[in-house]
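Undergrad: Okay, so here is query.cif, and as you'll see once you scroll down, it has mmCIF, C-alpha atoms and all ligand atoms.
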```
data_work
loop_
_atom_site.label_atom_id
_atom_site.label_comp_id
_atom_site.auth_asym_id
_atom_site.auth_seq_id
_atom_site.Cartn_x
_atom_site.Cartn_y
_atom_site.Cartn_z
CA MET A 3 0.00 0.00 0.00
CA THR A 4 1.34 3.47 -0.87
CA HIS A 5 0.52 6.69 0.94
CA LYS A 6 0.77 10.22 -0.43
CA ILE A 7 2.54 12.66 1.88
CA LEU A 8 2.45 16.42 1.35
CA CYS A 9 5.80 17.73 2.55
CA ILE A 10 5.86 21.44 3.42
CA VAL A 11 8.78 23.87 3.14
CA GLY A 12 8.80 27.63 3.35
CA ALA A 13 11.93 29.11 4.84
CA ARG A 14 15.64 28.43 4.58
CA PRO A 15 16.05 26.18 7.64
CA ASN A 16 13.27 23.92 6.33
CA PHE A 17 15.21 22.96 3.22
CA MET A 18 17.99 21.11 5.08
CA LYS A 19 15.36 19.16 7.02
CA ILE A 20 13.12 18.15 4.12
CA ALA A 21 15.97 17.03 1.81
CA PRO A 22 16.80 13.73 3.60
CA LEU A 23 13.10 13.03 4.25
CA MET A 24 12.25 13.35 0.55
CA ALA A 25 15.21 11.12 -0.33
CA ALA A 26 14.21 8.50 2.25
CA MET A 27 10.61 8.47 0.99
CA GLU A 28 11.85 8.06 -2.55
CA GLY A 29 14.04 5.13 -1.47
CA ASN A 30 11.23 3.53 0.51
CA GLY A 31 8.76 3.25 -2.36
CA HIS A 32 5.93 2.95 0.15
CA LEU A 33 5.42 6.68 0.62
CA VAL A 34 4.93 9.09 -2.27
CA ALA A 35 6.18 12.56 -1.42
CA ARG A 36 4.74 15.73 -2.96
CA LEU A 37 6.60 18.94 -2.14
CA VAL A 38 4.69 22.14 -1.36
CA HIS A 39 6.72 25.36 -1.08
CA THR A 40 4.87 28.21 0.57
CA GLY A 41 7.23 30.82 -0.88
CA GLN A 42 8.00 32.37 2.54
CA HIS A 43 11.63 32.67 1.40
CA TYR A 44 12.05 33.54 -2.25
CA ASP A 45 15.41 35.33 -2.83
CA ALA A 46 17.76 33.25 -4.98
CA ALA A 47 20.35 33.23 -2.17
CA MET A 48 17.81 32.19 0.47
CA ASN A 49 16.03 29.66 -1.71
CA ASP A 50 17.18 28.51 -5.19
CA GLN A 51 20.78 27.96 -4.11
CA PHE A 52 19.60 25.57 -1.38
CA PHE A 53 17.47 23.53 -3.75
CA SER A 54 20.43 23.01 -6.07
CA ASP A 55 23.02 22.45 -3.29
CA LEU A 56 20.81 19.93 -1.54
CA GLY A 57 19.44 18.22 -4.64
CA ILE A 58 15.82 18.78 -3.58
CA PRO A 59 13.36 18.21 -6.43
CA ALA A 60 11.57 21.33 -7.69
CA PRO A 61 8.41 21.89 -5.64
CA HIS A 62 5.27 20.35 -7.16
CA ILE A 63 3.31 23.33 -5.88
CA ASN A 64 4.48 26.84 -4.98
CA LEU A 65 2.10 29.05 -3.02
CA GLU A 66 4.28 32.15 -3.61
CA VAL A 67 3.20 34.01 -0.49
CA GLY A 68 6.36 36.12 0.01
CA SER A 69 6.96 38.42 2.98
CA GLY A 70 4.46 40.11 5.27
CA SER A 71 3.61 40.61 8.93
CA HIS A 72 3.20 37.37 10.88
CA ALA A 73 -0.57 37.56 10.63
CA VAL A 74 -0.61 38.35 6.93
CA GLN A 75 2.00 35.74 6.05
CA THR A 76 0.38 32.99 8.14
CA ALA A 77 -3.12 33.78 6.92
CA GLU A 78 -2.04 33.96 3.29
CA ILE A 79 -0.31 30.57 3.50
CA MET A 80 -3.46 29.07 5.04
CA ARG A 81 -5.73 30.61 2.42
CA ARG A 82 -3.57 29.32 -0.45
CA PHE A 83 -2.85 25.91 1.08
CA GLU A 84 -6.49 24.91 1.67
CA PRO A 85 -7.44 24.30 -2.00
CA VAL A 86 -4.17 22.41 -2.52
CA LEU A 87 -5.05 20.08 0.33
CA ASP A 88 -8.56 19.56 -1.06
CA GLU A 89 -7.15 18.75 -4.47
CA GLU A 90 -4.29 16.49 -3.34
CA GLN A 91 -6.14 14.45 -0.66
CA PRO A 92 -2.91 13.22 1.00
CA ALA A 93 -2.68 10.56 3.70
CA ALA A 94 -0.74 13.05 5.86
CA VAL A 95 0.85 16.50 5.86
CA LEU A 96 4.46 16.56 7.06
CA VAL A 97 5.83 19.80 8.50
CA VAL A 98 9.31 20.52 9.83
CA GLY A 99 10.76 23.01 12.30
CA ASP A 100 9.09 26.10 13.69
CA VAL A 101 8.57 28.74 11.01
CA ASN A 102 5.31 30.41 10.03
CA SER A 103 4.84 27.96 7.16
CA THR A 104 4.97 25.09 9.68
CA ILE A 105 2.06 26.25 11.83
CA ALA A 106 0.03 27.63 8.91
CA CYS A 107 -0.07 24.33 6.99
CA ALA A 108 -0.43 22.22 10.14
CA LEU A 109 -3.47 24.23 11.16
CA VAL A 110 -5.20 23.89 7.80
CA ALA A 111 -4.58 20.12 7.74
CA ALA A 112 -5.66 19.50 11.34
CA LYS A 113 -8.98 21.30 10.82
CA LYS A 114 -9.65 19.18 7.73
CA GLY A 115 -8.97 15.96 9.61
CA VAL A 116 -5.74 15.23 7.71
CA PRO A 117 -3.05 13.79 10.03
CA VAL A 118 -0.19 16.18 10.78
CA VAL A 119 3.34 14.85 11.19
CA HIS A 120 5.80 17.18 12.92
CA VAL A 121 9.52 16.61 12.50
CA GLU A 122 11.62 18.39 15.16
CA ALA A 123 8.84 18.33 17.76
CA GLY A 124 9.14 19.15 21.45
CA LEU A 125 11.93 21.74 21.43
CA ARG A 126 11.16 24.54 23.89
CA SER A 127 12.93 27.80 24.74
CA PHE A 128 10.12 28.64 27.20
CA ASP A 129 10.25 32.16 25.77
CA ARG A 130 6.88 33.05 24.32
CA THR A 131 8.14 36.38 23.00
CA MET A 132 9.81 34.34 20.24
CA PRO A 133 7.44 33.76 17.30
CA GLU A 134 9.04 30.35 16.74
CA GLU A 135 8.12 29.22 20.28
CA ILE A 136 4.44 29.94 19.59
CA ASN A 137 4.75 28.03 16.32
CA ARG A 138 6.37 25.05 18.10
CA VAL A 139 3.83 24.78 20.91
CA LEU A 140 0.81 25.11 18.63
CA THR A 141 2.11 22.78 15.92
CA ASP A 142 2.85 20.08 18.48
CA GLN A 143 -0.63 20.43 19.98
CA ILE A 144 -2.32 19.62 16.66
CA SER A 145 0.11 16.98 15.40
CA HIS A 146 -0.77 13.29 15.31
CA LEU A 147 2.76 12.01 15.06
CA LEU A 148 5.70 13.83 16.63
CA PHE A 149 9.35 13.08 15.87
CA THR A 150 11.92 14.49 18.28
CA THR A 151 15.62 15.24 17.82
CA GLU A 152 16.60 14.62 21.44
CA ARG A 153 15.30 12.37 24.22
CA LEU A 154 14.36 15.14 26.66
CA ALA A 155 11.94 16.75 24.19
CA ARG A 156 9.48 14.00 25.13
CA ASN A 157 9.16 15.48 28.63
CA ASN A 158 8.23 18.87 27.21
CA LEU A 159 5.50 17.24 25.13
CA LEU A 160 4.15 15.05 27.94
CA ARG A 161 3.92 18.14 30.17
CA GLU A 162 1.74 19.76 27.51
CA GLY A 163 -0.60 16.76 27.44
CA ILE A 164 0.61 15.04 24.26
CA ALA A 165 0.02 11.26 24.26
CA ASP A 166 3.18 9.26 24.89
CA GLU A 167 2.53 6.89 21.97
CA ALA A 168 2.41 9.79 19.50
CA ILE A 169 6.02 10.73 20.30
CA HIS A 170 8.97 9.06 18.57
CA PHE A 171 12.62 9.84 19.26
CA ALA A 172 14.17 9.66 15.79
CA GLY A 173 17.23 11.92 15.85
CA ASN A 174 18.17 14.99 13.87
CA VAL A 175 17.44 15.17 10.13
CA MET A 176 19.49 18.37 9.83
CA ILE A 177 22.53 16.29 10.77
CA ASP A 178 21.61 13.68 8.13
CA THR A 179 22.03 16.48 5.60
CA LEU A 180 25.30 17.63 7.14
CA HIS A 181 26.80 14.11 6.98
CA HIS A 182 25.63 13.61 3.43
CA HIS A 183 27.10 16.86 2.11
CA LEU A 184 30.25 17.28 4.19
CA PRO A 185 32.50 15.77 1.50
CA ARG A 186 31.25 18.44 -0.94
CA ALA A 187 31.56 21.42 1.45
CA VAL A 188 33.27 24.38 -0.22
CA PRO A 189 36.58 25.08 1.59
CA ALA A 190 36.62 28.54 3.21
CA SER A 191 39.84 29.36 1.32
CA GLU A 192 37.99 28.84 -1.98
CA LEU A 193 35.06 31.00 -0.86
CA PHE A 194 37.36 33.79 0.32
CA SER A 195 39.34 33.91 -2.89
CA ARG A 196 36.12 33.88 -4.94
CA VAL A 197 34.81 36.96 -3.13
CA GLY A 198 38.20 38.73 -3.16
CA ALA A 199 38.62 38.75 0.64
CA PRO A 200 41.32 40.93 2.23
CA ALA A 201 44.77 39.36 2.74
CA ASP A 202 44.13 38.77 6.48
CA LEU A 203 41.57 36.17 5.50
CA THR A 204 43.26 33.12 4.07
CA GLY A 205 40.59 30.61 5.03
CA GLN A 206 43.14 28.45 6.85
CA PRO A 207 41.23 26.25 9.32
CA GLY A 208 40.90 28.04 12.67
CA SER A 209 42.08 31.43 11.37
CA TYR A 210 38.73 33.24 11.54
CA ALA A 211 35.42 33.25 13.43
CA GLY A 212 32.00 33.00 11.76
CA LEU A 213 29.02 35.15 12.64
CA THR A 214 25.31 35.20 11.78
CA LEU A 215 22.49 37.30 13.20
CA HIS A 216 18.86 37.48 12.15
CA ARG A 217 16.56 37.18 15.20
CA PRO A 218 14.18 40.14 15.45
CA SER A 219 15.12 40.45 19.16
CA ASN A 220 18.76 41.09 18.17
CA VAL A 221 18.47 43.09 15.00
CA ASP A 222 15.19 45.00 15.02
CA SER A 223 16.11 47.67 17.57
CA GLU A 224 19.08 49.99 17.32
CA SER A 225 19.62 49.94 21.10
CA THR A 226 20.42 46.20 20.94
CA LEU A 227 22.08 46.03 17.55
CA ARG A 228 24.54 48.93 17.94
CA PRO A 229 26.35 47.68 21.11
CA LEU A 230 26.38 44.16 19.69
CA LEU A 231 28.07 45.32 16.49
CA GLU A 232 30.50 47.47 18.53
CA ALA A 233 31.50 44.41 20.56
CA LEU A 234 31.91 42.38 17.39
CA ARG A 235 34.11 45.07 15.86
CA ASP A 236 36.33 44.89 18.99
CA ILE A 237 36.50 41.10 18.73
CA SER A 238 37.59 41.38 15.09
CA ARG A 239 40.86 42.94 16.33
CA ASP A 240 41.71 39.57 17.91
CA ILE A 241 40.39 37.32 15.15
CA PRO A 242 38.97 38.18 11.71
CA LEU A 243 35.20 37.78 11.39
CA VAL A 244 33.17 36.47 8.48
CA PHE A 245 29.56 37.66 8.50
CA PRO A 246 27.03 36.42 5.90
CA LEU A 247 24.15 38.91 6.16
CA HIS A 248 20.50 37.83 6.28
CA PRO A 249 18.32 40.28 4.26
CA ARG A 250 16.49 41.37 7.42
CA THR A 251 19.77 42.16 9.17
CA ARG A 252 21.20 44.03 6.21
CA GLY A 253 18.02 46.11 6.07
CA ARG A 254 18.25 47.04 9.78
CA ILE A 255 21.98 47.84 9.68
CA GLU A 256 21.36 50.16 6.74
CA GLN A 257 18.24 51.69 8.31
CA PHE A 258 20.12 52.50 11.55
CA GLY A 259 23.21 53.75 9.67
CA LEU A 260 25.46 51.14 11.35
CA MET A 261 27.40 49.94 8.28
CA PRO A 262 30.46 52.12 9.14
CA LEU A 263 30.91 50.02 12.32
CA LEU A 264 31.62 47.02 10.12
CA GLU A 265 33.99 48.71 7.68
CA SER A 266 37.24 46.95 8.46
CA THR A 267 39.65 44.70 6.62
CA ARG A 268 39.11 42.23 9.47
CA ILE A 269 35.37 41.88 8.93
CA LEU A 270 34.21 40.18 5.77
CA ILE A 271 30.56 40.90 5.00
CA LEU A 272 29.00 38.42 2.61
CA PRO A 273 25.54 37.91 1.09
CA PRO A 274 23.59 34.88 2.41
CA LEU A 275 25.61 31.79 1.46
CA GLY A 276 24.49 28.56 -0.12
CA TYR A 277 24.47 25.38 1.95
CA LEU A 278 27.81 24.00 0.77
CA GLU A 279 29.62 27.31 1.26
CA MET A 280 28.12 27.75 4.71
CA LEU A 281 29.11 24.21 5.66
CA GLY A 282 32.73 24.86 4.63
CA LEU A 283 32.72 28.18 6.48
CA THR A 284 31.41 26.56 9.66
CA ARG A 285 33.64 23.52 9.57
CA ASN A 286 36.86 25.58 9.30
CA ALA A 287 35.95 28.35 11.77
CA ARG A 288 37.84 28.68 15.05
CA PHE A 289 34.41 29.32 16.60
CA PHE A 290 30.99 30.65 15.58
CA MET A 291 28.77 33.38 17.04
CA THR A 292 25.12 33.11 16.10
CA ASP A 293 21.46 33.43 17.05
CA SER A 294 20.39 30.70 14.61
CA GLY A 295 18.90 27.41 15.79
CA GLY A 296 20.41 25.36 12.98
CA LEU A 297 23.95 26.61 13.52
CA GLN A 298 23.83 25.69 17.21
CA GLU A 299 23.24 22.11 16.06
CA GLU A 300 25.64 22.11 13.13
CA THR A 301 28.54 23.44 15.23
CA THR A 302 27.89 20.72 17.80
CA ALA A 303 27.92 18.08 15.05
CA LEU A 304 31.20 19.51 13.66
CA GLY A 305 32.89 19.99 17.06
CA VAL A 306 33.25 23.76 16.51
CA PRO A 307 32.70 25.96 19.61
CA CYS A 308 29.53 28.07 19.36
CA LEU A 309 28.61 31.23 21.28
CA THR A 310 24.87 31.75 21.06
CA LEU A 311 23.84 35.40 21.13
CA ARG A 312 20.53 34.76 22.89
CA ASP A 313 19.34 34.53 26.50
CA ASN A 314 17.79 31.11 26.01
CA THR A 315 17.75 28.22 23.60
CA GLU A 316 15.29 25.49 22.69
CA ARG A 317 18.29 23.32 21.77
CA GLU A 318 19.42 22.50 25.31
CA ILE A 319 21.29 19.44 24.20
CA THR A 320 23.84 21.56 22.35
CA ILE A 321 24.72 23.16 25.70
CA ASP A 322 24.58 20.00 27.82
CA GLU A 323 26.41 17.72 25.41
CA GLY A 324 27.64 19.82 22.50
CA THR A 325 29.91 22.78 21.89
CA ASN A 326 27.40 25.54 22.58
CA THR A 327 27.53 28.29 25.24
CA LEU A 328 24.70 30.78 25.81
CA VAL A 329 26.14 34.27 26.10
CA GLY A 330 23.13 36.54 25.55
CA THR A 331 23.90 39.94 24.04
CA ASP A 332 25.94 41.48 26.85
CA ALA A 333 29.07 42.85 25.17
CA HIS A 334 31.29 42.28 28.21
CA ARG A 335 30.30 38.63 28.55
CA LEU A 336 30.73 38.08 24.83
CA ARG A 337 34.27 39.49 24.82
CA SER A 338 35.29 37.35 27.81
CA GLU A 339 33.85 34.15 26.28
CA VAL A 340 35.76 34.89 23.07
CA GLN A 341 38.98 35.39 25.04
CA LEU A 342 38.39 32.07 26.77
CA ILE A 343 38.07 30.26 23.45
CA LEU A 344 41.13 32.01 22.01
CA SER A 345 43.23 31.08 25.02
CA SER A 346 41.91 27.60 25.81
CA GLY A 347 40.22 26.29 22.65
CA GLY A 348 36.59 26.27 23.87
CA LYS A 349 34.15 23.43 24.44
CA ALA A 350 34.88 20.17 22.65
CA GLY A 351 31.51 18.48 23.28
CA ARG A 352 30.28 15.12 22.06
CA ILE A 353 27.80 14.08 19.39
CA PRO A 354 24.25 13.65 20.78
CA GLU A 355 22.45 10.31 20.49
CA TYR A 356 20.93 9.60 17.05
CA TRP A 357 22.66 12.56 15.40
CA ASP A 358 24.10 9.84 13.23
CA GLY A 359 22.91 10.53 9.69
CA HIS A 360 20.02 8.03 9.81
CA ALA A 361 17.17 10.05 11.34
CA ALA A 362 15.17 10.39 8.10
CA LYS A 363 15.22 6.63 7.54
CA ARG A 364 13.84 6.04 11.05
CA ILE A 365 11.13 8.65 10.52
CA VAL A 366 9.99 7.31 7.16
CA GLN A 367 9.86 3.75 8.51
CA SER A 368 7.73 4.76 11.53
CA LEU A 369 5.49 6.99 9.42
CA GLY A 370 4.84 4.22 6.89
CA ASP A 371 4.01 1.73 9.64
CA TRP A 372 1.72 4.21 11.36
CA LEU A 373 -0.19 4.96 8.15
CA ASP A 374 -0.53 1.23 7.39
CA ARG A 375 -2.00 0.61 10.84
CA ARG A 376 -4.46 3.49 10.40
CA ALA A 377 -5.52 2.25 6.97
CA PHE A 378 -6.38 -1.20 8.35
CA HIS A 379 -8.55 0.11 11.17
C1 LIG A 401 12.29 32.99 9.22
C2 LIG A 401 11.78 32.16 10.41
C3 LIG A 401 12.96 31.91 11.38
C4 LIG A 401 14.15 31.32 10.66
C5 LIG A 401 14.53 32.24 9.50
C6 LIG A 401 15.72 31.77 8.72
C7 LIG A 401 9.45 32.58 11.09
C8 LIG A 401 8.60 33.15 12.15
N1 LIG A 401 10.77 32.86 11.16
O1 LIG A 401 12.70 34.26 9.73
O2 LIG A 401 12.53 31.01 12.37
O3 LIG A 401 15.23 31.19 11.56
O4 LIG A 401 13.39 32.32 8.63
O5 LIG A 401 16.04 32.75 7.77
O6 LIG A 401 8.96 31.88 10.24
N2 LIG A 401 13.45 38.48 3.14
C9 LIG A 401 13.98 38.70 1.90
N3 LIG A 401 14.07 37.63 1.04
C10 LIG A 401 13.68 36.38 1.39
C11 LIG A 401 13.13 36.18 2.67
C12 LIG A 401 13.04 37.24 3.54
O7 LIG A 401 14.35 39.78 1.54
O8 LIG A 401 13.81 35.46 0.57
C13 LIG A 401 13.36 39.62 4.07
C14 LIG A 401 12.04 40.34 3.98
O9 LIG A 401 12.27 41.68 4.21
C15 LIG A 401 11.26 39.77 5.12
C16 LIG A 401 12.34 39.52 6.16
O10 LIG A 401 13.49 39.14 5.39
O11 LIG A 401 10.25 40.62 5.57
C17 LIG A 401 12.00 38.45 7.13
O12 LIG A 401 11.60 37.26 6.45
P1 LIG A 401 10.59 36.22 7.16
O13 LIG A 401 10.39 35.03 6.32
O14 LIG A 401 9.39 36.94 7.64
O15 LIG A 401 11.37 35.82 8.47
P2 LIG A 401 12.91 35.49 8.77
O16 LIG A 401 13.46 36.59 9.59
O17 LIG A 401 13.67 35.08 7.55
#
```
Represent the structure from my file as structure tokens, please.

TA:
Amino acid sequence: MTHKILCIVGARPNFMKIAPLMAAMEGNGHLVARLVHTGQHYDAAMNDQFFSDLGIPAPHINLEVGSGSHAVQTAEIMRRFEPVLDEEQPAAVLVVGDVNSTIACALVAAKKGVPVVHVEAGLRSFDRTMPEEINRVLTDQISHLLFTTERLARNNLLREGIADEAIHFAGNVMIDTLHHHLPRAVPASELFSRVGAPADLTGQPGSYAGLTLHRPSNVDSESTLRPLLEALRDISRDIPLVFPLHPRTRGRIEQFGLMPLLESTRILILPPLGYLEMLGLTRNARFFMTDSGGLQEETTALGVPCLTLRDNTEREITIDEGTNTLVGTDAHRLRSEVQLILSSGGKAGRIPEYWDGHAAKRIVQSLGDWLDRRAFH
């Protein structure tokens, strides 16, 4: 018996999660995957490059919603997804992560009685000012089958009243993608010479630090962003920084007139990078500073120290077992954590359980079995 699964992607971090799931469904023959792209991310650098780097098939359906306020974006995805669901009649809708596309499509499916499968369930920052936390809690509440990346996520779900038998610990599909593509990662030296980087930046492993920022809480107000960029400029005197800029962050830096703070031969500003370039940049960095969820996991998997520029994280395991340290946005703390890494090497960490490159296979197997059992009842 075959089952049709509508797989949803919308934003950049979804692409790395859906790629191994689509491949595993293809290999399984039992599940037929159809890819729906909401169009939340649409720039070539945020979107097309990832599809080609990751070998994801072109979406069967593109809802082309684009940017908007949270309400507008979420509502527009829902409005455009409903007729697709009616037309496709899938056995289940599979959503990944915690972006607006995740909750929007989950909500439409749940109300139509179509089972919702959530991959990367149960992560909690316990910070409801983060839009992603709202998306996580609500998506988990309306999901029928929940796949977690770490054992402790089950406790978060049980506390919120989710049935134990709906929860499956499968591991981290993002790390499946990392394992699969690591041999093809673009060396930092190649990237730096392509973009004509200053002489200080050779791309030698360990000779620079990586940096990304895009959380609204860090970049949307000048009173947070300015001191953070000042601290980063100071840090660049000790180690050169490489900073691929998310479009939101570039917009804010320009709006607040902060670009001059970053004008230095020891800070390399880049456009958003493709997956293989980013992987090479991360792998060879001495350490990374970030507010991204994905990079906290990828640095742990690569054994690269990570300083997370947030007050909390939903990815506790990267702190407890991995290479991650929460530093918040206090400039003083950030400088001292950087000094610690430069003098002593930073956290080494270990690889969390089931971050082994086989998570997607486990998920597809369980999903197929679950759908078979449902079909026979
Ligand atoms: C979204 C996710 C966030 C994820 C991030 C990765 C939500 C609530 N947030 O945040 O969890 O970590 O993606 O990037 O879903 N823009 C472009 N081109 C694009 C996409 C965005 O220029 O292709 C600009 C637009 O000005 C847009 C802004 O970036 O308004 C924010 O985009 P949006 O998709 O709303 O959220 P992200 O900040 O990217």

Undergrad: Rank A:Val119, A:Val221, A:Val67, A:Ala13 by their smallest atom-to-atom distance to ligand LIG 401 (chain A), using all atoms listed in the file, and report the top residue only.

TA: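 When distances to ligand LIG 401 (chain A) are compared using all atoms listed in the file, the smallest one comes from A:Ala13.
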
Undergrad: Which of these residues is nearest to Gly282 (chain A), using all atoms listed in the file: A:Met27, A:Val34, A:Cys9, A:Leu304?

TA: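 Comparing A:Met27, A:Val34, A:Cys9, A:Leu304 against Gly282 (chain A), the winner is A:Leu304.
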
Undergrad: Considering all atoms listed in the file, tabulate each residue of chain A that lies at most 7 Å from ligand LIG 401 (chain A) along with its nearest interatomic pair and the corresponding distance in Å to one decimal; arrange the rows by chain and ascending residue number and present them as a Markdown table.

TA:
```
| residue | atom | partner | partner_atom | distance |
| --- | --- | --- | --- | --- |
| A:Ala13 | CA | A:LIG401 | O4 | 5.2 |
| A:Arg14 | CA | A:LIG401 | C6 | 5.3 |
| A:Pro15 | CA | A:LIG401 | C6 | 5.7 |
| A:Gln42 | CA | A:LIG401 | O13 | 5.2 |
| A:His43 | CA | A:LIG401 | O8 | 3.6 |
| A:Tyr44 | CA | A:LIG401 | O8 | 3.8 |
| A:Asp45 | CA | A:LIG401 | O8 | 3.8 |
| A:Met48 | CA | A:LIG401 | O8 | 5.2 |
| A:Asn49 | CA | A:LIG401 | O8 | 6.6 |
| A:Ser69 | CA | A:LIG401 | O11 | 4.7 |
| A:Gly70 | CA | A:LIG401 | O11 | 5.8 |
| A:Ser71 | CA | A:LIG401 | O14 | 7.0 |
| A:His72 | CA | A:LIG401 | C8 | 7.0 |
| A:Asp100 | CA | A:LIG401 | O2 | 6.1 |
| A:Val101 | CA | A:LIG401 | O6 | 3.3 |
| A:Asn102 | CA | A:LIG401 | O6 | 3.9 |
| A:Ser103 | CA | A:LIG401 | O6 | 6.5 |
| A:Pro133 | CA | A:LIG401 | C8 | 5.3 |
| A:Glu134 | CA | A:LIG401 | C8 | 5.4 |
| A:His216 | CA | A:LIG401 | O16 | 6.0 |
| A:Arg217 | CA | A:LIG401 | O16 | 6.4 |
| A:Pro218 | CA | A:LIG401 | O16 | 6.9 |
| A:His248 | CA | A:LIG401 | O5 | 6.9 |
| A:Pro249 | CA | A:LIG401 | O7 | 4.8 |
| A:Arg250 | CA | A:LIG401 | O10 | 4.3 |
| A:Ser294 | CA | A:LIG401 | O3 | 6.0 |
| A:Gly295 | CA | A:LIG401 | O3 | 6.8 |
```

Undergrad: For Leu213 (chain A), which of A:Ser195, A:Thr292, A:Asn174, A:Ser238 is the closest residue, counting all atoms listed in the file?

TA: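 Ranking A:Ser195, A:Thr292, A:Asn174, A:Ser238 by distance to Leu213 (chain A), first place goes to A:Thr292.
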
Undergrad: Pick out the residues sitting within 8 Å of region 138-143 of chain A, and hand them over as a PyMOL selection string; count only C-alpha atoms, and ignore anything fewer than 2 positions along from it in its own chain.

TA: chain A and resi 99-100+104-105+108-109+120+123-126+134-136+145+148+159+162+164

Undergrad: So which one's closest to Arg375 (chain A), A:Ile144, A:Met3, A:Ile10, A:Ala35? Using all atoms listed in the file, please.

TA: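 Checking each candidate against Arg375 (chain A), we get A:Met3 as the closest.
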
Undergrad: Ranking A:Thr331, A:Thr302, A:Ser223, A:Asn326 by minimum distance to Arg285 (chain A) and counting all atoms listed in the file, which one comes first?

TA: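 Closest candidate: A:Thr302.
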
Undergrad: If we count all atoms listed in the file and set the cut-off at 10 Å, which residues sit around Asp293 (chain A), ignoring sequence neighbours fewer than 3 positions away in its own chain? Please answer as a JSON list (two decimals) with C-alpha atoms, keeping the file's coordinate frame.

TA:
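Wrote result27.json, looks like this:
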```json
[["chain", "number", "residue", "atom", "x", "y", "z"],
["A", 213, "LEU", "CA", 29.02, 35.15, 12.64],
["A", 214, "THR", "CA", 25.31, 35.20, 11.78],
["A", 215, "LEU", "CA", 22.49, 37.30, 13.20],
["A", 216, "HIS", "CA", 18.86, 37.48, 12.15],
["A", 217, "ARG", "CA", 16.56, 37.18, 15.20],
["A", 219, "SER", "CA", 15.12, 40.45, 19.16],
["A", 220, "ASN", "CA", 18.76, 41.09, 18.17],
["A", 296, "GLY", "CA", 20.41, 25.36, 12.98],
["A", 297, "LEU", "CA", 23.95, 26.61, 13.52],
["A", 298, "GLN", "CA", 23.83, 25.69, 17.21],
["A", 308, "CYS", "CA", 29.53, 28.07, 19.36],
["A", 309, "LEU", "CA", 28.61, 31.23, 21.28],
["A", 310, "THR", "CA", 24.87, 31.75, 21.06],
["A", 311, "LEU", "CA", 23.84, 35.40, 21.13],
["A", 312, "ARG", "CA", 20.53, 34.76, 22.89],
["A", 313, "ASP", "CA", 19.34, 34.53, 26.50],
["A", 314, "ASN", "CA", 17.79, 31.11, 26.01],
["A", 315, "THR", "CA", 17.75, 28.22, 23.60],
["A", 328, "LEU", "CA", 24.70, 30.78, 25.81],
["A", 330, "GLY", "CA", 23.13, 36.54, 25.55],
["A", 331, "THR", "CA", 23.90, 39.94, 24.04]]
```

Undergrad: Please identify all polymer residues within 9 Å of His183 (chain A), counting all atoms listed in the file, omitting same-chain residues fewer than 5 positions from it, and present them as a ChimeraX atom specification.

TA: /A:55-56,178,277-278,281

Undergrad: Edge lengths and centre, in Å to one decimal, as JSON: that's what I need for the box along x, y and z that holds all listed atoms of region 292-302 of chain A plus 4 Å on each side.

TA:
```
{"center_x": 23.7, "center_y": 27.1, "center_z": 15.4, "size_x": 17.6, "size_y": 20.7, "size_z": 12.8}
```

Undergrad: Name all residues at most 12 Å from region 255-272 of chain A (count all atoms listed in the file; drop same-chain ones fewer than 4 positions away) and give them as an NGL selection string.

TA: :A and (47 or 193-205 or 209-216 or 220-251 or 276 or 279-280 or 283)

Undergrad: What does the distance from CA of Phe53 (chain A) to CA of Pro274 (chain A) come to in Å, to one decimal?

TA: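 Pair CA of Phe53 (chain A) / CA of Pro274 (chain A) returns 14.3 Å.
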
Undergrad: Rank nothing, just name the residue among A:Ala73, A:Ala21, A:Ile353, A:Leu147 nearest to Met176 (chain A), using all atoms listed in the file.

TA: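 Among the listed residues, the smallest separation from Met176 (chain A) belongs to A:Ala21.
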
Undergrad: Any idea what the distance is between CA of Leu87 (chain A) and CA of Ile177 (chain A)?

TA: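 Taking CA of Leu87 (chain A) and CA of Ile177 (chain A), their separation equals 29.7 Å.
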